[in-house]
$ cat data_0.csv   # CSV, C-alpha atoms
chain,number,residue,atom,x,y,z
F,1116,MET,CA,-7.5,-29.6,15.8
F,1117,SER,CA,-7.0,-29.1,12.1
F,1118,ASP,CA,-9.7,-28.5,9.4
F,1119,THR,CA,-7.5,-30.4,6.9
F,1120,ALA,CA,-8.6,-34.0,6.4
F,1121,VAL,CA,-5.5,-36.0,5.4
F,1122,PRO,CA,-6.0,-39.5,4.3
F,1123,PRO,CA,-3.7,-42.1,5.9
F,1124,GLY,CA,-0.4,-42.5,4.2
F,1125,ILE,CA,-0.5,-39.1,2.6
F,1126,GLU,CA,2.3,-36.7,3.6
F,1127,LEU,CA,1.6,-33.0,3.3
F,1128,GLY,CA,4.3,-30.8,1.9
F,1129,THR,CA,5.9,-28.1,3.9
F,1130,ASP,CA,4.8,-25.5,1.4
F,1131,THR,CA,1.3,-23.9,1.1
F,1132,ALA,CA,-0.7,-22.6,-1.7
F,1133,PRO,CA,-2.9,-19.5,-1.5
F,1134,VAL,CA,-6.7,-19.6,-1.8
F,1135,HIS,CA,-8.0,-16.5,-3.5
F,1136,ASN,CA,-11.4,-14.9,-3.3
F,1137,PRO,CA,-12.6,-15.3,-6.9
F,1138,TYR,CA,-14.3,-11.9,-6.8
F,1139,THR,CA,-11.5,-9.8,-5.4
F,1140,GLY,CA,-8.4,-11.8,-6.0
F,1141,GLU,CA,-7.6,-11.3,-2.3
F,1142,VAL,CA,-5.8,-14.2,-0.5
F,1143,ILE,CA,-8.3,-15.5,2.1
F,1144,ALA,CA,-6.5,-18.7,3.2
F,1145,SER,CA,-3.7,-21.1,2.4
F,1146,VAL,CA,-3.7,-24.8,2.1
F,1147,PRO,CA,-0.9,-27.3,2.4
F,1148,THR,CA,0.5,-28.8,-0.7
F,1149,VAL,CA,1.3,-32.5,-1.5
F,1150,ASP,CA,3.9,-33.9,-3.7
F,1151,ALA,CA,2.8,-34.6,-7.3
F,1152,ALA,CA,3.6,-38.3,-6.8
F,1153,ALA,CA,1.0,-38.5,-4.0
F,1154,VAL,CA,-1.9,-37.4,-6.3
F,1155,GLY,CA,-2.5,-40.8,-7.7
F,1156,GLY,CA,-2.8,-42.3,-4.2
F,1157,ILE,CA,-5.2,-39.6,-3.2
F,1158,LEU,CA,-7.4,-40.2,-6.2
F,1159,GLN,CA,-7.4,-43.9,-5.6
F,1160,GLN,CA,-8.5,-43.4,-2.0
F,1161,ALA,CA,-11.3,-41.1,-3.3
F,1162,ARG,CA,-12.5,-43.8,-5.7
F,1163,CYS,CA,-12.5,-46.4,-2.9
F,1164,GLY,CA,-14.5,-44.0,-0.8
F,1165,ARG,CA,-17.0,-43.4,-3.6
F,1166,ARG,CA,-17.5,-47.1,-4.0
F,1167,ALA,CA,-17.9,-47.6,-0.3
F,1168,ALA,CA,-20.5,-44.8,-0.1
F,1169,ALA,CA,-22.4,-46.3,-3.1
F,1170,ALA,CA,-22.6,-49.6,-1.4
F,1171,LEU,CA,-24.3,-48.1,1.7
F,1172,SER,CA,-28.1,-48.4,2.0
F,1173,ARG,CA,-30.2,-45.3,1.6
F,1174,ALA,CA,-30.8,-45.3,5.4
F,1175,SER,CA,-27.0,-45.5,6.1
F,1176,ARG,CA,-26.3,-42.6,3.7
F,1177,ALA,CA,-29.1,-40.6,5.3
F,1178,SER,CA,-27.7,-41.3,8.7
F,1179,ALA,CA,-24.2,-40.0,7.6
F,1180,LEU,CA,-25.8,-36.9,6.2
F,1181,GLU,CA,-27.7,-36.3,9.4
F,1182,ARG,CA,-24.4,-36.6,11.4
F,1183,ALA,CA,-22.8,-34.1,9.0
F,1184,ALA,CA,-25.8,-31.7,9.5
F,1185,HIS,CA,-25.4,-31.9,13.3
F,1186,LEU,CA,-21.7,-31.1,13.0
F,1187,ILE,CA,-22.4,-28.1,10.8
F,1188,GLU,CA,-25.1,-27.0,13.3
F,1189,ARG,CA,-22.7,-27.3,16.2
F,1190,ARG,CA,-20.1,-25.2,14.3
F,1191,ALA,CA,-22.7,-22.7,12.8
F,1192,GLU,CA,-21.4,-19.8,14.9
F,1193,SER,CA,-17.8,-20.2,14.0
F,1194,LEU,CA,-18.8,-20.7,10.3
F,1195,LEU,CA,-20.8,-17.5,10.4
F,1196,ILE,CA,-17.9,-15.7,12.0
F,1197,ARG,CA,-15.6,-16.9,9.2
F,1198,GLN,CA,-18.1,-15.9,6.5
F,1199,THR,CA,-18.3,-12.5,8.1
F,1200,GLU,CA,-14.5,-12.1,8.1
F,1201,ILE,CA,-14.3,-13.1,4.4
F,1202,LEU,CA,-17.2,-10.9,3.3
F,1203,GLY,CA,-16.0,-8.0,5.3
F,1204,ARG,CA,-12.5,-8.2,3.7
F,1205,SER,CA,-13.9,-8.6,0.2
F,1206,GLY,CA,-16.0,-5.4,0.4
F,1207,SER,CA,-19.1,-7.5,-0.6
F,1208,ARG,CA,-22.5,-5.9,-0.3
F,1209,ALA,CA,-24.0,-9.1,1.1
F,1210,THR,CA,-25.1,-9.0,4.7
F,1211,PRO,CA,-23.6,-11.8,6.6
F,1212,GLY,CA,-26.3,-13.8,8.4
F,1213,ARG,CA,-29.2,-12.3,6.6
F,1214,ASP,CA,-28.1,-13.5,3.2
F,1215,CYS,CA,-27.1,-16.9,4.4
F,1216,ILE,CA,-29.2,-19.8,3.3
F,1217,ASN,CA,-31.1,-21.2,6.3
F,1218,VAL,CA,-31.5,-24.9,5.8
F,1219,GLN,CA,-34.0,-26.7,8.0
F,1220,ARG,CA,-34.6,-30.4,8.0
F,1221,ASN,CA,-38.1,-31.8,7.6
F,1222,VAL,CA,-38.6,-33.9,10.6
$ encode --input "data_0.csv" --output "structure tokens"
Amino acid sequence: MSDTAVPPGIELGTDTAPVHNPYTGEVIASVPTVDAAAVGGILQQARCGRRAAAALSRASRASALERAAHLIERRAESLLIRQTEILGRSGSRATPGRDCINVQRNV
């Protein structure tokens, strides 16, 4: 399973671009590239998505956010491990876990 969301009809390039930690300059990941000609299509799909989201009722948007929150909660451990890896490599003085924002829903 990939963490890269690729809209239908968009072909990823074979090259990748580095993602740098802005504080250390260290390369912490890489992302696939797309052809410059594909950018217009990607932006058009984003605009359509924005219009579709704006047309949803408040309850529908809340439901989508709830589903996203559940996905994040299910992946919390792997996200924390990744954060620890990034902070550990960067030499940051932040303490992984303790310095994370703990978000709780009001139910």
$ closest_residue --input "data_0.csv" --among "F:Ala1167, F:Ile1143, F:Ala1183, F:Leu1158" --to "Leu1202 (chain F)" --atoms "only C-alpha atoms"
F:Ile1143
$ atom_distance --input "data_0.csv" --atom1 "CA of Ala1161 (chain F)" --atom2 "CA of Arg1176 (chain F)"
16.6 Å
$ atom_distance --input "data_0.csv" --atom1 "CA of Leu1127 (chain F)" --atom2 "CA of Thr1148 (chain F)"
5.9 Å
$ atom_distance --input "data_0.csv" --atom1 "CA of Thr1199 (chain F)" --atom2 "CA of Pro1147 (chain F)"
23.5 Å
$ residues_near_point --input "data_0.csv" --point "(-0.9, -31.4, -2.1)" --cutoff "9 Å" --atoms "only C-alpha atoms" --output "number ranges by chain"
F: 1126-1128, 1130-1132, 1146-1151, 1153-1154
